[in-house]
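Colleague: Submitted below is the structure of interest, expressed as structure tokens.
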Amino acid sequence: MQRGLGLLFLFFLLLPLTVRSQAVQNIPGWEVLPDSLMQVWHLDKDQIRRINVIEEDYATERDEVWSTPDMEEQDKVQQLVKLGAARMEEIKGVLGTTHYENWQAVLRSAVPNR
């Protein structure tokens, strides 16, 4: 009985995290840049480091927006759209136009409605 309650508690504890990650995936600007693409493009260590820093910084800001208790859901989404656009611009600056356009093509092929 206690084990069942423990599992139920764990499920409800982790549920907001899964809902949050699904919501972010549907907001433009938060698409994942896989390590495999960075390897295919032969990005140098500095470019990879810069992209990782961008990802960490924006993940922190994203989490802060999500965890703001007195902000309406619509305001959170609007803030995340702005952050996502800024994130994409920074990544584009590191990748350069060609690699950025190739990444966008990969995303469009993965999700045809993009």
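For the structure tokens, the naming scheme is as follows: chains receive sequential letters (A, B, ...) according to their order of presentation, residues are indexed from 1 within each chain, and ligands are indexed from 1 in presentation order.
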Near region 91-107 of chain A, counting only C-alpha atoms, which residues have an atom at most 8 Å away, once you skip same-chain residues fewer than 4 positions from it, shown as a ChimeraX atom specification?
Modeller: /A:33,37,41,47,50-51,54,87,111,114
Colleague: Since we have the selection now, will you write its residues out, keeping all heavy atoms, as an mmCIF file, in the first residue's frame?
Modeller:
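Contents of the output file again_10.cif:
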data_model
loop_
_atom_site.group_PDB
_atom_site.id
_atom_site.type_symbol
_atom_site.label_atom_id
_atom_site.label_comp_id
_atom_site.auth_asym_id
_atom_site.auth_seq_id
_atom_site.Cartn_x
_atom_site.Cartn_y
_atom_site.Cartn_z
ATOM 1 N N LEU A 33 19.046 21.576 -30.815
ATOM 2 C CA LEU A 33 20.154 21.481 -31.765
ATOM 3 C C LEU A 33 20.992 20.272 -31.343
ATOM 4 O O LEU A 33 21.758 20.347 -30.382
ATOM 5 C CB LEU A 33 21.003 22.759 -31.749
ATOM 6 C CG LEU A 33 22.234 22.757 -32.638
ATOM 7 C CD1 LEU A 33 21.871 22.491 -34.094
ATOM 8 C CD2 LEU A 33 22.977 24.075 -32.513
ATOM 9 N N LEU A 37 24.386 16.944 -35.244
ATOM 10 C CA LEU A 37 24.514 17.938 -36.316
ATOM 11 C C LEU A 37 25.785 18.756 -36.151
ATOM 12 O O LEU A 37 26.460 19.074 -37.128
ATOM 13 C CB LEU A 37 23.296 18.874 -36.334
ATOM 14 C CG LEU A 37 22.036 18.328 -36.964
ATOM 15 C CD1 LEU A 37 20.917 19.365 -36.898
ATOM 16 C CD2 LEU A 37 22.272 17.898 -38.393
ATOM 17 N N TRP A 41 28.713 18.986 -39.027
ATOM 18 C CA TRP A 41 29.176 20.261 -39.551
ATOM 19 C C TRP A 41 30.626 20.564 -39.161
ATOM 20 O O TRP A 41 31.165 21.586 -39.562
ATOM 21 C CB TRP A 41 28.287 21.396 -39.055
ATOM 22 C CG TRP A 41 26.886 21.321 -39.555
ATOM 23 C CD1 TRP A 41 26.451 20.812 -40.729
ATOM 24 C CD2 TRP A 41 25.726 21.794 -38.875
ATOM 25 N NE1 TRP A 41 25.093 20.925 -40.826
ATOM 26 C CE2 TRP A 41 24.623 21.530 -39.702
ATOM 27 C CE3 TRP A 41 25.507 22.415 -37.643
ATOM 28 C CZ2 TRP A 41 23.324 21.856 -39.350
ATOM 29 C CZ3 TRP A 41 24.216 22.745 -37.290
ATOM 30 C CH2 TRP A 41 23.141 22.467 -38.142
ATOM 31 N N GLN A 47 32.955 27.024 -31.008
ATOM 32 C CA GLN A 47 31.557 27.125 -31.421
ATOM 33 C C GLN A 47 30.668 26.231 -30.554
ATOM 34 O O GLN A 47 29.595 26.650 -30.120
ATOM 35 C CB GLN A 47 31.389 26.739 -32.894
ATOM 36 C CG GLN A 47 31.945 27.752 -33.858
ATOM 37 C CD GLN A 47 31.907 27.226 -35.277
ATOM 38 O OE1 GLN A 47 32.476 26.173 -35.568
ATOM 39 N NE2 GLN A 47 31.239 27.971 -36.153
ATOM 40 N N ARG A 50 30.310 27.797 -27.145
ATOM 41 C CA ARG A 50 29.407 28.947 -27.175
ATOM 42 C C ARG A 50 27.949 28.507 -27.259
ATOM 43 O O ARG A 50 27.084 29.082 -26.604
ATOM 44 C CB ARG A 50 29.782 29.867 -28.341
ATOM 45 C CG ARG A 50 31.096 30.601 -28.075
ATOM 46 C CD ARG A 50 31.673 31.307 -29.271
ATOM 47 N NE ARG A 50 30.727 32.188 -29.943
ATOM 48 C CZ ARG A 50 30.868 32.583 -31.206
ATOM 49 N NH1 ARG A 50 31.887 32.171 -31.921
ATOM 50 N NH2 ARG A 50 29.978 33.393 -31.739
ATOM 51 N N ILE A 51 27.670 27.496 -28.071
ATOM 52 C CA ILE A 51 26.295 26.992 -28.167
ATOM 53 C C ILE A 51 25.851 26.405 -26.836
ATOM 54 O O ILE A 51 24.726 26.634 -26.384
ATOM 55 C CB ILE A 51 26.161 25.965 -29.310
ATOM 56 C CG1 ILE A 51 26.242 26.705 -30.649
ATOM 57 C CG2 ILE A 51 24.861 25.180 -29.195
ATOM 58 C CD1 ILE A 51 26.304 25.817 -31.859
ATOM 59 N N ILE A 54 24.971 29.222 -24.527
ATOM 60 C CA ILE A 54 23.673 29.788 -24.915
ATOM 61 C C ILE A 54 22.548 28.900 -24.397
ATOM 62 O O ILE A 54 21.572 29.382 -23.803
ATOM 63 C CB ILE A 54 23.580 29.943 -26.449
ATOM 64 C CG1 ILE A 54 24.528 31.050 -26.926
ATOM 65 C CG2 ILE A 54 22.144 30.221 -26.894
ATOM 66 C CD1 ILE A 54 24.734 31.074 -28.441
ATOM 67 N N ARG A 87 17.167 33.384 -28.411
ATOM 68 C CA ARG A 87 18.014 32.189 -28.393
ATOM 69 C C ARG A 87 18.399 31.794 -29.811
ATOM 70 O O ARG A 87 19.566 31.535 -30.111
ATOM 71 C CB ARG A 87 17.276 31.050 -27.706
ATOM 72 C CG ARG A 87 17.964 29.719 -27.772
ATOM 73 C CD ARG A 87 17.069 28.616 -27.163
ATOM 74 N NE ARG A 87 17.607 27.312 -27.417
ATOM 75 C CZ ARG A 87 17.258 26.544 -28.454
ATOM 76 N NH1 ARG A 87 16.358 26.946 -29.325
ATOM 77 N NH2 ARG A 87 17.819 25.372 -28.628
ATOM 78 N N VAL A 111 9.317 18.026 -38.966
ATOM 79 C CA VAL A 111 7.962 18.490 -38.655
ATOM 80 C C VAL A 111 7.467 19.242 -39.884
ATOM 81 O O VAL A 111 7.739 20.436 -40.035
ATOM 82 C CB VAL A 111 7.956 19.405 -37.409
ATOM 83 C CG1 VAL A 111 6.536 19.820 -37.072
ATOM 84 C CG2 VAL A 111 8.618 18.720 -36.236
ATOM 85 N N ARG A 114 6.125 23.077 -40.210
ATOM 86 C CA ARG A 114 6.958 24.206 -39.798
ATOM 87 C C ARG A 114 7.081 25.214 -40.878
ATOM 88 O O ARG A 114 7.257 25.042 -41.978
ATOM 89 C CB ARG A 114 8.353 23.728 -39.394
ATOM 90 C CG ARG A 114 8.460 23.505 -37.930
ATOM 91 C CD ARG A 114 9.876 23.193 -37.548
ATOM 92 N NE ARG A 114 10.795 24.294 -37.642
ATOM 93 C CZ ARG A 114 10.862 25.308 -36.774
ATOM 94 N NH1 ARG A 114 10.023 25.371 -35.812
ATOM 95 N NH2 ARG A 114 11.760 26.244 -36.898
#
Colleague: In Å, how far is it from CA of Glu89 (chain A) to CA of Glu55 (chain A)?
Modeller: 12.2 Å
Colleague: Quick one: contact table of region 70-99 of chain A to region 62-66 of chain A, 10 Å max, nearest atom pair and distance in Å to one decimal per residue, counting only C-alpha atoms, chain and number order, as JSON lines?
Modeller:
{"residue": "A:Met71", "atom": "CA", "partner": "A:Val65", "partner_atom": "CA", "distance": 8.2}
{"residue": "A:Glu72", "atom": "CA", "partner": "A:Trp66", "partner_atom": "CA", "distance": 10.0}
{"residue": "A:Glu73", "atom": "CA", "partner": "A:Trp66", "partner_atom": "CA", "distance": 8.7}
{"residue": "A:Asp75", "atom": "CA", "partner": "A:Val65", "partner_atom": "CA", "distance": 9.2}
{"residue": "A:Lys76", "atom": "CA", "partner": "A:Val65", "partner_atom": "CA", "distance": 6.1}
{"residue": "A:Val77", "atom": "CA", "partner": "A:Val65", "partner_atom": "CA", "distance": 8.9}
{"residue": "A:Gln79", "atom": "CA", "partner": "A:Val65", "partner_atom": "CA", "distance": 7.4}
{"residue": "A:Leu80", "atom": "CA", "partner": "A:Arg62", "partner_atom": "CA", "distance": 6.6}
{"residue": "A:Leu83", "atom": "CA", "partner": "A:Arg62", "partner_atom": "CA", "distance": 7.6}
{"residue": "A:Gly84", "atom": "CA", "partner": "A:Arg62", "partner_atom": "CA", "distance": 8.9}
Colleague: Would you export the selected residues with C-alpha atoms as a short mmCIF file (atom, residue, chain, number, x, y, z; two decimals), in the first residue's frame, please?
Modeller:
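Final file, selection.cif:
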data_model
loop_
_atom_site.label_atom_id
_atom_site.label_comp_id
_atom_site.auth_asym_id
_atom_site.auth_seq_id
_atom_site.Cartn_x
_atom_site.Cartn_y
_atom_site.Cartn_z
CA MET A 71 2.54 35.27 -13.93
CA GLU A 72 -0.40 34.23 -16.11
CA GLU A 73 0.12 31.28 -18.46
CA ASP A 75 2.25 35.93 -20.25
CA LYS A 76 4.65 33.04 -19.69
CA VAL A 77 4.16 31.84 -23.25
CA GLN A 79 7.87 35.71 -22.60
CA LEU A 80 9.08 32.30 -23.79
CA LEU A 83 13.33 34.32 -25.25
CA GLY A 84 13.12 31.65 -27.96
#
